[in-house]
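Student: Can you keep this structure in mind? I'll have questions shortly.
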Amino acid sequence: MPYNNSNSRRSYGGNNRGGGGNNRFRSNNRSRNMVKGRGQYIDPAKFVRVAKHLEVEQYVPTYMFADFKVNDLLKQNIAAKGYVAPSPIQDQTIPLGLEGKDVIGIANTGTGKTAAFALPVIDKLMNSQHSKALIIAPTRELAQQIEDELRSIAKGSGLSGVLLIGGTPMGPQLRDLRNKPRVVIGTPGRIKDHLERGTLHLGNFDQVVLDEVDRMLDMGFLPDVQFILDSLKPERQSFFFSATMEPAVSRLIEKFSHDAVTVSVKTSDTSDNVHQNVIHYSSREDKIEKLHDALIQDEVKKVIIFDETQRNVEKLAVELAGRGFATDAIHGGKSQGQRQRALNRFKASDIDILVATDVAARGIDVKDITHVINYAIPQTYEDYTHRVGRAGRAGATGHALTFVVK
């Protein structure tokens, strides 16, 4: 969906460092003491694990993208993106979506969920001039990536939309909303803000997508999400995507869906194909030196380093840059423009180290990340799993290193 520019009216129809090398980090006397994250105690033994090389049976899709009964324009755009055979979540979800059914998709991040809902949502928008769609994501980065995917799939369709996320000026969002967009993509907090201001009205939105529902609830968005869903048209089609089906997720879906069909294609945890180990350190000086040593290993190609606070992230990024590393920082204190520029540089390999808070644990879809380094212990083991899942994408074996004080 080529927009006219990043913040003005968003026209969807415009013109058109891998493996090995980690033995040096292993401790002969692995600590049995519990390591305290801010949210819970985590045994450091959990951070040591050999990647599983699972033999996965080749999936044979029932359909090809060309088989789906969607608008010919969408087929052209999909073909232009090089999509031929759908992934399992796409193959099983798209036909249900095209039939108008509510869908619960259980799948790992990076399995093609966006196209799985984008194709049926956009097709319905093109077939019904009265239809409108709301898409909710837990983070700004994920919302922006969803928008990018929808933009390319709906190119030339004449549809228009708005991106409602924090860290960006309110003025352009208000202008876009006055143009009555057919698609609204955003994060729960900013969407609720516009609802309370009276600048967004969802009473006639008949399609809704919640992506990474489990993460939204983990981040404390349950009240906001319930408020938003209560504002939608009662008769609507809903898509819920989640990597897990926790009780809170199940209750939310049960309350706000109608006879939903569940599609589960999750085969293993996202961390299963990641070698995981620890680095013991004794002082602040020892810690930064051991990080430096880790980063200069030949196998380390592209890295996300997680630290605890915005201030620590900035200090570490400056320290690494001073040591000659190509690095940038991303956290909630930066504007969305700054965050997006850093992410774009990382994707393009203009930098090979991204220092981040947990805001980047989800919503970053970079397939060639080789290493995740936990410079600070995560709040919970689930947060750890989300971090580690950034490495080892697209069938590659990733690596994760966690710093643990001696």
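To be explicit about the labels: the chains of the structure tokens are called A, B, and onward in the order shown, and within each one the residues are counted from 1, while ligands get numbers from 1 in the order they are shown.
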Per residue of stretch 39-136 of chain A within 12 Å of stretch 372-389 of chain A, which atom pair is closest and at what distance in Å (one decimal), using only C-alpha atoms, listed by chain and increasing number, as JSON lines?
Tutor:
{"residue": "A:Gly39", "atom": "CA", "partner": "A:Gln379", "partner_atom": "CA", "distance": 4.4}
{"residue": "A:Gln40", "atom": "CA", "partner": "A:Thr380", "partner_atom": "CA", "distance": 5.7}
{"residue": "A:Tyr41", "atom": "CA", "partner": "A:Thr380", "partner_atom": "CA", "distance": 7.7}
{"residue": "A:Ile42", "atom": "CA", "partner": "A:Tyr381", "partner_atom": "CA", "distance": 6.7}
{"residue": "A:Asp43", "atom": "CA", "partner": "A:Tyr381", "partner_atom": "CA", "distance": 9.3}
{"residue": "A:Pro44", "atom": "CA", "partner": "A:Ile377", "partner_atom": "CA", "distance": 9.5}
{"residue": "A:Ala45", "atom": "CA", "partner": "A:Tyr381", "partner_atom": "CA", "distance": 11.6}
{"residue": "A:Lys46", "atom": "CA", "partner": "A:Tyr381", "partner_atom": "CA", "distance": 8.4}
{"residue": "A:Phe47", "atom": "CA", "partner": "A:Tyr384", "partner_atom": "CA", "distance": 8.7}
{"residue": "A:Val48", "atom": "CA", "partner": "A:Val388", "partner_atom": "CA", "distance": 11.9}
{"residue": "A:Arg49", "atom": "CA", "partner": "A:Val388", "partner_atom": "CA", "distance": 11.6}
{"residue": "A:Ala51", "atom": "CA", "partner": "A:Val388", "partner_atom": "CA", "distance": 11.6}
{"residue": "A:Asn108", "atom": "CA", "partner": "A:Gly389", "partner_atom": "CA", "distance": 9.3}
{"residue": "A:Thr109", "atom": "CA", "partner": "A:Gly389", "partner_atom": "CA", "distance": 8.3}
{"residue": "A:Gly110", "atom": "CA", "partner": "A:Gly389", "partner_atom": "CA", "distance": 9.6}
Student: Please produce a file of the residues just selected, as a PDB file, in the first residue's frame, where the atoms kept are N, CA and C atoms.
Tutor:
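Contents of the output file result-v6.pdb:
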ATOM      1  N   GLY A  39      11.080  -9.371  37.602  1.00  0.00           N
ATOM      2  CA  GLY A  39       9.751  -9.918  37.783  1.00  0.00           C
ATOM      3  C   GLY A  39       9.715 -11.241  38.534  1.00  0.00           C
ATOM      4  N   GLN A  40      10.755 -12.063  38.425  1.00  0.00           N
ATOM      5  CA  GLN A  40      10.731 -13.369  39.065  1.00  0.00           C
ATOM      6  C   GLN A  40      12.168 -13.868  39.196  1.00  0.00           C
ATOM      7  N   TYR A  41      12.342 -14.932  39.992  1.00  0.00           N
ATOM      8  CA  TYR A  41      13.648 -15.569  40.087  1.00  0.00           C
ATOM      9  C   TYR A  41      13.794 -16.585  38.967  1.00  0.00           C
ATOM     10  N   ILE A  42      14.937 -16.549  38.307  1.00  0.00           N
ATOM     11  CA  ILE A  42      15.180 -17.451  37.187  1.00  0.00           C
ATOM     12  C   ILE A  42      16.475 -18.213  37.440  1.00  0.00           C
ATOM     13  N   ASP A  43      16.405 -19.523  37.413  1.00  0.00           N
ATOM     14  CA  ASP A  43      17.590 -20.351  37.581  1.00  0.00           C
ATOM     15  C   ASP A  43      18.475 -20.201  36.349  1.00  0.00           C
ATOM     16  N   PRO A  44      19.761 -19.847  36.524  1.00  0.00           N
ATOM     17  CA  PRO A  44      20.639 -19.691  35.354  1.00  0.00           C
ATOM     18  C   PRO A  44      20.785 -20.964  34.528  1.00  0.00           C
ATOM     19  N   ALA A  45      20.465 -22.109  35.132  1.00  0.00           N
ATOM     20  CA  ALA A  45      20.515 -23.349  34.352  1.00  0.00           C
ATOM     21  C   ALA A  45      19.556 -23.294  33.173  1.00  0.00           C
ATOM     22  N   LYS A  46      18.504 -22.480  33.281  1.00  0.00           N
ATOM     23  CA  LYS A  46      17.542 -22.345  32.187  1.00  0.00           C
ATOM     24  C   LYS A  46      18.144 -21.662  30.964  1.00  0.00           C
ATOM     25  N   PHE A  47      19.277 -20.969  31.168  1.00  0.00           N
ATOM     26  CA  PHE A  47      19.889 -20.230  30.075  1.00  0.00           C
ATOM     27  C   PHE A  47      20.929 -21.063  29.323  1.00  0.00           C
ATOM     28  N   VAL A  48      21.050 -22.334  29.669  1.00  0.00           N
ATOM     29  CA  VAL A  48      22.025 -23.214  29.019  1.00  0.00           C
ATOM     30  C   VAL A  48      21.261 -24.345  28.354  1.00  0.00           C
ATOM     31  N   ARG A  49      21.360 -24.396  27.053  1.00  0.00           N
ATOM     32  CA  ARG A  49      20.583 -25.387  26.320  1.00  0.00           C
ATOM     33  C   ARG A  49      21.158 -25.563  24.918  1.00  0.00           C
ATOM     34  N   ALA A  51      20.725 -26.422  20.997  1.00  0.00           N
ATOM     35  CA  ALA A  51      19.641 -26.334  20.016  1.00  0.00           C
ATOM     36  C   ALA A  51      19.208 -27.718  19.564  1.00  0.00           C
ATOM     37  N   ASN A 108       3.930 -19.737  15.727  1.00  0.00           N
ATOM     38  CA  ASN A 108       5.102 -18.988  16.145  1.00  0.00           C
ATOM     39  C   ASN A 108       5.230 -17.696  15.352  1.00  0.00           C
ATOM     40  N   THR A 109       5.966 -16.750  15.933  1.00  0.00           N
ATOM     41  CA  THR A 109       6.320 -15.538  15.198  1.00  0.00           C
ATOM     42  C   THR A 109       7.173 -15.920  13.985  1.00  0.00           C
ATOM     43  N   GLY A 110       6.982 -15.213  12.885  1.00  0.00           N
ATOM     44  CA  GLY A 110       7.783 -15.456  11.699  1.00  0.00           C
ATOM     45  C   GLY A 110       7.260 -16.563  10.815  1.00  0.00           C
TER      46      GLY A 110
END
Student: For the strand (DSSP E) assignment from backbone DSSP, which residues of stretch 104-285 of chain A qualify? Please present them as JSON, numbers by chain.
Tutor: {"A": [104, 105, 106, 133, 134, 135, 136, 160, 161, 162, 163, 164, 183, 184, 185, 186, 207, 208, 209, 210, 237, 238, 239, 240, 241, 242, 261, 262, 263, 264, 274, 275, 276, 277, 278, 279, 280, 281]}
Student: To test your reading of the structure, identify every residue in stretch 104-267 of chain A that backbone DSSP assigns to alpha helix (DSSP H), and report it as an MDAnalysis selection string.
Tutor: chainID A and resid 113:127 140:153 170:178 188:197 213:218 222:230 247:256
Student: Selection from above, C-alpha atoms, as a PDB file, in the first residue's frame, can you write it?
Tutor:
ATOM      1  CA  LYS A 113       0.676 -14.637  10.015  1.00  0.00           C
ATOM      2  CA  THR A 114       0.331 -11.167   8.504  1.00  0.00           C
ATOM      3  CA  ALA A 115      -0.473 -12.414   5.010  1.00  0.00           C
ATOM      4  CA  ALA A 116      -2.763 -15.039   6.565  1.00  0.00           C
ATOM      5  CA  PHE A 117      -5.169 -12.335   7.714  1.00  0.00           C
ATOM      6  CA  ALA A 118      -4.254  -9.558   5.269  1.00  0.00           C
ATOM      7  CA  LEU A 119      -5.507 -11.371   2.176  1.00  0.00           C
ATOM      8  CA  PRO A 120      -9.055 -12.118   3.422  1.00  0.00           C
ATOM      9  CA  VAL A 121      -9.343  -8.736   5.181  1.00  0.00           C
ATOM     10  CA  ILE A 122      -8.339  -6.718   2.111  1.00  0.00           C
ATOM     11  CA  ASP A 123     -10.440  -8.844  -0.220  1.00  0.00           C
ATOM     12  CA  LYS A 124     -13.529  -8.152   1.892  1.00  0.00           C
ATOM     13  CA  LEU A 125     -12.727  -4.430   1.948  1.00  0.00           C
ATOM     14  CA  MET A 126     -12.524  -4.425  -1.838  1.00  0.00           C
ATOM     15  CA  ASN A 127     -15.759  -6.384  -2.237  1.00  0.00           C
ATOM     16  CA  ARG A 140       4.864   0.035  17.370  1.00  0.00           C
ATOM     17  CA  GLU A 141       7.369  -1.967  15.330  1.00  0.00           C
ATOM     18  CA  LEU A 142       4.944  -4.807  14.709  1.00  0.00           C
ATOM     19  CA  ALA A 143       2.155  -2.374  13.807  1.00  0.00           C
ATOM     20  CA  GLN A 144       4.432  -0.679  11.302  1.00  0.00           C
ATOM     21  CA  GLN A 145       5.522  -4.003   9.799  1.00  0.00           C
ATOM     22  CA  ILE A 146       1.894  -5.041   9.407  1.00  0.00           C
ATOM     23  CA  GLU A 147       1.177  -1.757   7.673  1.00  0.00           C
ATOM     24  CA  ASP A 148       4.089  -2.304   5.285  1.00  0.00           C
ATOM     25  CA  GLU A 149       2.791  -5.778   4.382  1.00  0.00           C
ATOM     26  CA  LEU A 150      -0.768  -4.557   3.843  1.00  0.00           C
ATOM     27  CA  ARG A 151       0.513  -1.688   1.744  1.00  0.00           C
ATOM     28  CA  SER A 152       2.253  -4.066  -0.669  1.00  0.00           C
ATOM     29  CA  ILE A 153      -0.627  -6.556  -0.844  1.00  0.00           C
ATOM     30  CA  MET A 170      -0.792  13.383  16.821  1.00  0.00           C
ATOM     31  CA  GLY A 171      -1.582  15.983  14.137  1.00  0.00           C
ATOM     32  CA  PRO A 172      -1.091  13.779  11.061  1.00  0.00           C
ATOM     33  CA  GLN A 173      -3.057  10.978  12.727  1.00  0.00           C
ATOM     34  CA  LEU A 174      -5.970  13.342  13.350  1.00  0.00           C
ATOM     35  CA  ARG A 175      -5.851  14.482   9.719  1.00  0.00           C
ATOM     36  CA  ASP A 176      -5.822  10.886   8.460  1.00  0.00           C
ATOM     37  CA  LEU A 177      -8.771   9.999  10.691  1.00  0.00           C
ATOM     38  CA  ARG A 178     -10.813  12.898   9.324  1.00  0.00           C
ATOM     39  CA  PRO A 188      -3.871  -0.537  22.085  1.00  0.00           C
ATOM     40  CA  GLY A 189      -2.845   2.585  24.005  1.00  0.00           C
ATOM     41  CA  ARG A 190      -2.971   4.975  21.070  1.00  0.00           C
ATOM     42  CA  ILE A 191      -6.184   3.461  19.665  1.00  0.00           C
ATOM     43  CA  LYS A 192      -7.883   3.869  23.054  1.00  0.00           C
ATOM     44  CA  ASP A 193      -6.560   7.427  23.276  1.00  0.00           C
ATOM     45  CA  HIS A 194      -8.274   8.330  20.006  1.00  0.00           C
ATOM     46  CA  LEU A 195     -11.487   6.614  21.093  1.00  0.00           C
ATOM     47  CA  GLU A 196     -11.564   8.638  24.310  1.00  0.00           C
ATOM     48  CA  ARG A 197     -10.812  11.860  22.405  1.00  0.00           C
ATOM     49  CA  VAL A 213      -2.645 -11.559  21.715  1.00  0.00           C
ATOM     50  CA  ASP A 214      -0.540 -13.276  24.381  1.00  0.00           C
ATOM     51  CA  ARG A 215       2.067 -10.530  24.212  1.00  0.00           C
ATOM     52  CA  MET A 216      -0.585  -7.815  24.467  1.00  0.00           C
ATOM     53  CA  LEU A 217      -1.897  -9.357  27.657  1.00  0.00           C
ATOM     54  CA  ASP A 218       1.645  -9.854  29.005  1.00  0.00           C
ATOM     55  CA  LEU A 222      -6.085  -6.411  28.606  1.00  0.00           C
ATOM     56  CA  PRO A 223      -8.290  -3.500  29.842  1.00  0.00           C
ATOM     57  CA  ASP A 224      -7.472  -1.431  26.760  1.00  0.00           C
ATOM     58  CA  VAL A 225      -8.143  -4.338  24.405  1.00  0.00           C
ATOM     59  CA  GLN A 226     -11.500  -5.087  26.050  1.00  0.00           C
ATOM     60  CA  PHE A 227     -12.460  -1.413  25.829  1.00  0.00           C
ATOM     61  CA  ILE A 228     -11.574  -1.341  22.129  1.00  0.00           C
ATOM     62  CA  LEU A 229     -13.408  -4.570  21.276  1.00  0.00           C
ATOM     63  CA  ASP A 230     -16.526  -3.335  23.062  1.00  0.00           C
ATOM     64  CA  PRO A 247      -6.213 -18.980  30.135  1.00  0.00           C
ATOM     65  CA  ALA A 248      -6.448 -15.182  29.907  1.00  0.00           C
ATOM     66  CA  VAL A 249      -6.107 -15.377  26.118  1.00  0.00           C
ATOM     67  CA  SER A 250      -8.788 -18.068  25.935  1.00  0.00           C
ATOM     68  CA  ARG A 251     -11.203 -16.036  28.058  1.00  0.00           C
ATOM     69  CA  LEU A 252     -10.705 -12.935  25.908  1.00  0.00           C
ATOM     70  CA  ILE A 253     -11.279 -14.836  22.676  1.00  0.00           C
ATOM     71  CA  GLU A 254     -14.301 -16.679  24.052  1.00  0.00           C
ATOM     72  CA  LYS A 255     -15.907 -13.393  25.082  1.00  0.00           C
ATOM     73  CA  PHE A 256     -15.322 -11.538  21.839  1.00  0.00           C
TER      74      PHE A 256
END
Student: For stretch 339-356 of chain A, please output as a PyMOL selection string all residues within 10 Å (counting only C-alpha atoms; exclusion window: fewer than 3 positions along the same chain).
Tutor: chain A and resi 17+140-141+144+167+295+300-310+312-318+320-321+325-336+359-361+364-369+371-375
Student: Go ahead and write the selection's residues with N, CA and C atoms as a short mmCIF file (atom, residue, chain, number, x, y, z; two decimals), in the first residue's frame.
Tutor:
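Contents of the output file result18.cif:
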data_model
loop_
_atom_site.label_atom_id
_atom_site.label_comp_id
_atom_site.auth_asym_id
_atom_site.auth_seq_id
_atom_site.Cartn_x
_atom_site.Cartn_y
_atom_site.Cartn_z
N ARG A 17 26.90 -11.00 13.75
CA ARG A 17 28.03 -11.89 13.39
C ARG A 17 27.67 -13.36 13.61
N ARG A 140 4.83 -0.87 18.53
CA ARG A 140 4.86 0.04 17.37
C ARG A 140 5.52 -0.63 16.17
N GLU A 141 6.64 -1.35 16.44
CA GLU A 141 7.37 -1.97 15.33
C GLU A 141 6.51 -2.99 14.60
N GLN A 144 3.88 -1.26 12.53
CA GLN A 144 4.43 -0.68 11.30
C GLN A 144 4.76 -1.76 10.27
N GLY A 167 4.76 7.76 19.95
CA GLY A 167 6.06 8.18 19.47
C GLY A 167 6.02 8.92 18.15
N LEU A 295 31.61 -10.21 21.01
CA LEU A 295 31.19 -9.58 19.76
C LEU A 295 32.23 -9.68 18.65
N VAL A 300 29.90 -14.27 14.95
CA VAL A 300 28.90 -13.27 15.31
C VAL A 300 28.73 -12.31 14.13
N LYS A 301 27.54 -12.34 13.54
CA LYS A 301 27.29 -11.53 12.34
C LYS A 301 26.30 -10.40 12.60
N LYS A 302 25.17 -10.72 13.19
CA LYS A 302 24.15 -9.69 13.46
C LYS A 302 23.54 -9.98 14.83
N VAL A 303 23.53 -8.97 15.71
CA VAL A 303 23.25 -9.20 17.12
C VAL A 303 22.22 -8.21 17.66
N ILE A 304 21.31 -8.72 18.50
CA ILE A 304 20.51 -7.86 19.36
C ILE A 304 21.02 -8.05 20.79
N ILE A 305 21.33 -6.93 21.45
CA ILE A 305 21.75 -6.96 22.85
C ILE A 305 20.64 -6.34 23.68
N PHE A 306 20.12 -7.08 24.64
CA PHE A 306 19.05 -6.57 25.50
C PHE A 306 19.62 -6.06 26.82
N ASP A 307 19.24 -4.83 27.17
CA ASP A 307 19.56 -4.28 28.48
C ASP A 307 18.27 -3.84 29.15
N GLU A 308 18.37 -3.47 30.44
CA GLU A 308 17.16 -3.34 31.24
C GLU A 308 16.43 -2.01 31.08
N THR A 309 17.16 -0.90 31.06
CA THR A 309 16.52 0.41 31.05
C THR A 309 16.93 1.22 29.83
N GLN A 310 16.15 2.25 29.54
CA GLN A 310 16.48 3.13 28.42
C GLN A 310 17.85 3.76 28.60
N ASN A 312 20.42 2.62 30.35
CA ASN A 312 21.47 1.63 30.18
C ASN A 312 21.69 1.28 28.71
N VAL A 313 20.59 1.22 27.96
CA VAL A 313 20.69 0.94 26.53
C VAL A 313 21.49 2.03 25.82
N GLU A 314 21.17 3.28 26.12
CA GLU A 314 21.90 4.40 25.50
C GLU A 314 23.38 4.37 25.86
N LYS A 315 23.69 4.15 27.15
CA LYS A 315 25.08 4.12 27.60
C LYS A 315 25.85 2.99 26.93
N LEU A 316 25.22 1.82 26.83
CA LEU A 316 25.90 0.69 26.22
C LEU A 316 26.13 0.90 24.74
N ALA A 317 25.14 1.47 24.06
CA ALA A 317 25.31 1.75 22.62
C ALA A 317 26.45 2.73 22.38
N VAL A 318 26.54 3.76 23.21
CA VAL A 318 27.62 4.74 23.09
C VAL A 318 28.98 4.08 23.37
N LEU A 320 29.80 0.90 22.99
CA LEU A 320 30.17 0.00 21.89
C LEU A 320 30.59 0.78 20.65
N ALA A 321 29.89 1.88 20.39
CA ALA A 321 30.28 2.72 19.25
C ALA A 321 31.68 3.26 19.45
N PHE A 325 32.35 -0.52 17.17
CA PHE A 325 31.28 -1.38 16.66
C PHE A 325 30.22 -0.54 15.96
N ALA A 326 29.65 -1.08 14.89
CA ALA A 326 28.55 -0.41 14.17
C ALA A 326 27.27 -0.72 14.91
N THR A 327 26.76 0.23 15.68
CA THR A 327 25.64 -0.05 16.57
C THR A 327 24.65 1.09 16.62
N ASP A 328 23.45 0.78 17.04
CA ASP A 328 22.42 1.78 17.29
C ASP A 328 21.56 1.26 18.43
N ALA A 329 20.67 2.13 18.93
CA ALA A 329 19.84 1.78 20.08
C ALA A 329 18.38 1.96 19.75
N ILE A 330 17.53 1.15 20.39
CA ILE A 330 16.10 1.25 20.20
C ILE A 330 15.42 0.99 21.54
N HIS A 331 14.53 1.90 21.94
CA HIS A 331 13.80 1.76 23.20
C HIS A 331 12.60 2.69 23.19
N GLY A 332 11.76 2.59 24.22
CA GLY A 332 10.52 3.34 24.26
C GLY A 332 10.69 4.83 24.41
N GLY A 333 11.86 5.30 24.81
CA GLY A 333 12.08 6.73 24.96
C GLY A 333 12.40 7.44 23.67
N LYS A 334 12.63 6.70 22.61
CA LYS A 334 12.92 7.30 21.31
C LYS A 334 11.63 7.53 20.54
N SER A 335 11.64 8.50 19.66
CA SER A 335 10.48 8.72 18.80
C SER A 335 10.35 7.55 17.84
N GLN A 336 9.16 7.39 17.27
CA GLN A 336 8.97 6.29 16.35
C GLN A 336 9.87 6.43 15.13
N VAL A 359 11.17 -3.67 24.48
CA VAL A 359 10.24 -3.17 23.47
C VAL A 359 10.51 -3.85 22.14
N ALA A 360 11.74 -4.35 21.94
CA ALA A 360 12.11 -4.96 20.67
C ALA A 360 12.02 -6.48 20.70
N ALA A 361 11.59 -7.05 21.84
CA ALA A 361 11.57 -8.51 21.93
C ALA A 361 10.58 -9.12 20.95
N ILE A 364 10.09 -7.36 15.83
CA ILE A 364 11.25 -7.24 14.95
C ILE A 364 11.35 -8.51 14.14
N ASP A 365 11.14 -8.39 12.86
CA ASP A 365 11.18 -9.54 11.97
C ASP A 365 12.41 -9.42 11.08
N VAL A 366 13.57 -9.80 11.62
CA VAL A 366 14.83 -9.76 10.90
C VAL A 366 15.36 -11.18 10.86
N LYS A 367 15.39 -11.77 9.69
CA LYS A 367 15.63 -13.20 9.58
C LYS A 367 17.09 -13.61 9.74
N ASP A 368 18.04 -12.66 9.63
CA ASP A 368 19.45 -13.06 9.67
C ASP A 368 20.14 -12.69 10.97
N ILE A 369 19.38 -12.55 12.07
CA ILE A 369 20.00 -12.33 13.37
C ILE A 369 20.65 -13.64 13.82
N HIS A 371 22.80 -13.82 16.74
CA HIS A 371 22.99 -13.89 18.18
C HIS A 371 22.06 -12.94 18.93
N VAL A 372 21.56 -13.41 20.05
CA VAL A 372 20.87 -12.57 21.01
C VAL A 372 21.70 -12.60 22.29
N ILE A 373 22.00 -11.42 22.83
CA ILE A 373 22.79 -11.33 24.06
C ILE A 373 21.95 -10.63 25.13
N ASN A 374 21.72 -11.34 26.22
CA ASN A 374 21.00 -10.77 27.35
C ASN A 374 22.02 -10.14 28.29
N TYR A 375 22.29 -8.85 28.08
CA TYR A 375 23.24 -8.14 28.93
C TYR A 375 22.64 -7.93 30.31
#
Student: I want to know what sits within 10 Å of A:Ile288, based on only C-alpha atoms, with residues of the same chain fewer than 4 positions away left out; could you give that as a list in words?
Tutor: Tyr281, Ser283, Arg284, His292, Asp293, Ala294, Leu316, Glu319, Leu320 and Tyr375 of chain A
Student: Export N, CA and C atoms of the chosen residues as a PDB file, in the first residue's frame?
Tutor:
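That gives us again_26.pdb:
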ATOM      1  N   TYR A 281      30.397 -13.042  34.850  1.00  0.00           N
ATOM      2  CA  TYR A 281      31.225 -11.848  35.019  1.00  0.00           C
ATOM      3  C   TYR A 281      31.289 -11.490  36.499  1.00  0.00           C
ATOM      4  N   SER A 283      32.451  -8.085  37.625  1.00  0.00           N
ATOM      5  CA  SER A 283      32.357  -6.644  37.873  1.00  0.00           C
ATOM      6  C   SER A 283      31.845  -5.954  36.622  1.00  0.00           C
ATOM      7  N   ARG A 284      31.535  -4.665  36.736  1.00  0.00           N
ATOM      8  CA  ARG A 284      31.062  -3.917  35.575  1.00  0.00           C
ATOM      9  C   ARG A 284      32.119  -3.886  34.478  1.00  0.00           C
ATOM     10  N   HIS A 292      32.681  -7.356  24.792  1.00  0.00           N
ATOM     11  CA  HIS A 292      33.549  -7.015  23.659  1.00  0.00           C
ATOM     12  C   HIS A 292      34.137  -8.285  23.048  1.00  0.00           C
ATOM     13  N   ASP A 293      34.660  -9.166  23.918  1.00  0.00           N
ATOM     14  CA  ASP A 293      35.254 -10.410  23.417  1.00  0.00           C
ATOM     15  C   ASP A 293      34.238 -11.259  22.663  1.00  0.00           C
ATOM     16  N   ALA A 294      33.000 -11.291  23.170  1.00  0.00           N
ATOM     17  CA  ALA A 294      31.965 -12.082  22.502  1.00  0.00           C
ATOM     18  C   ALA A 294      31.646 -11.519  21.123  1.00  0.00           C
ATOM     19  N   LEU A 316      25.219   1.823  26.829  1.00  0.00           N
ATOM     20  CA  LEU A 316      25.903   0.686  26.222  1.00  0.00           C
ATOM     21  C   LEU A 316      26.131   0.903  24.736  1.00  0.00           C
ATOM     22  N   GLU A 319      29.014   3.232  24.392  1.00  0.00           N
ATOM     23  CA  GLU A 319      30.257   2.526  24.734  1.00  0.00           C
ATOM     24  C   GLU A 319      30.727   1.640  23.580  1.00  0.00           C
ATOM     25  N   LEU A 320      29.797   0.897  22.993  1.00  0.00           N
ATOM     26  CA  LEU A 320      30.168   0.005  21.891  1.00  0.00           C
ATOM     27  C   LEU A 320      30.586   0.783  20.654  1.00  0.00           C
ATOM     28  N   TYR A 375      22.286  -8.852  28.078  1.00  0.00           N
ATOM     29  CA  TYR A 375      23.235  -8.143  28.934  1.00  0.00           C
ATOM     30  C   TYR A 375      22.639  -7.925  30.314  1.00  0.00           C
TER      31      TYR A 375
END
Student: Between A:Ile185, A:Lys75, A:Leu163, A:Phe240, which has the minimum distance to A:Ala107 (counting only C-alpha atoms)?
Tutor: A:Phe240
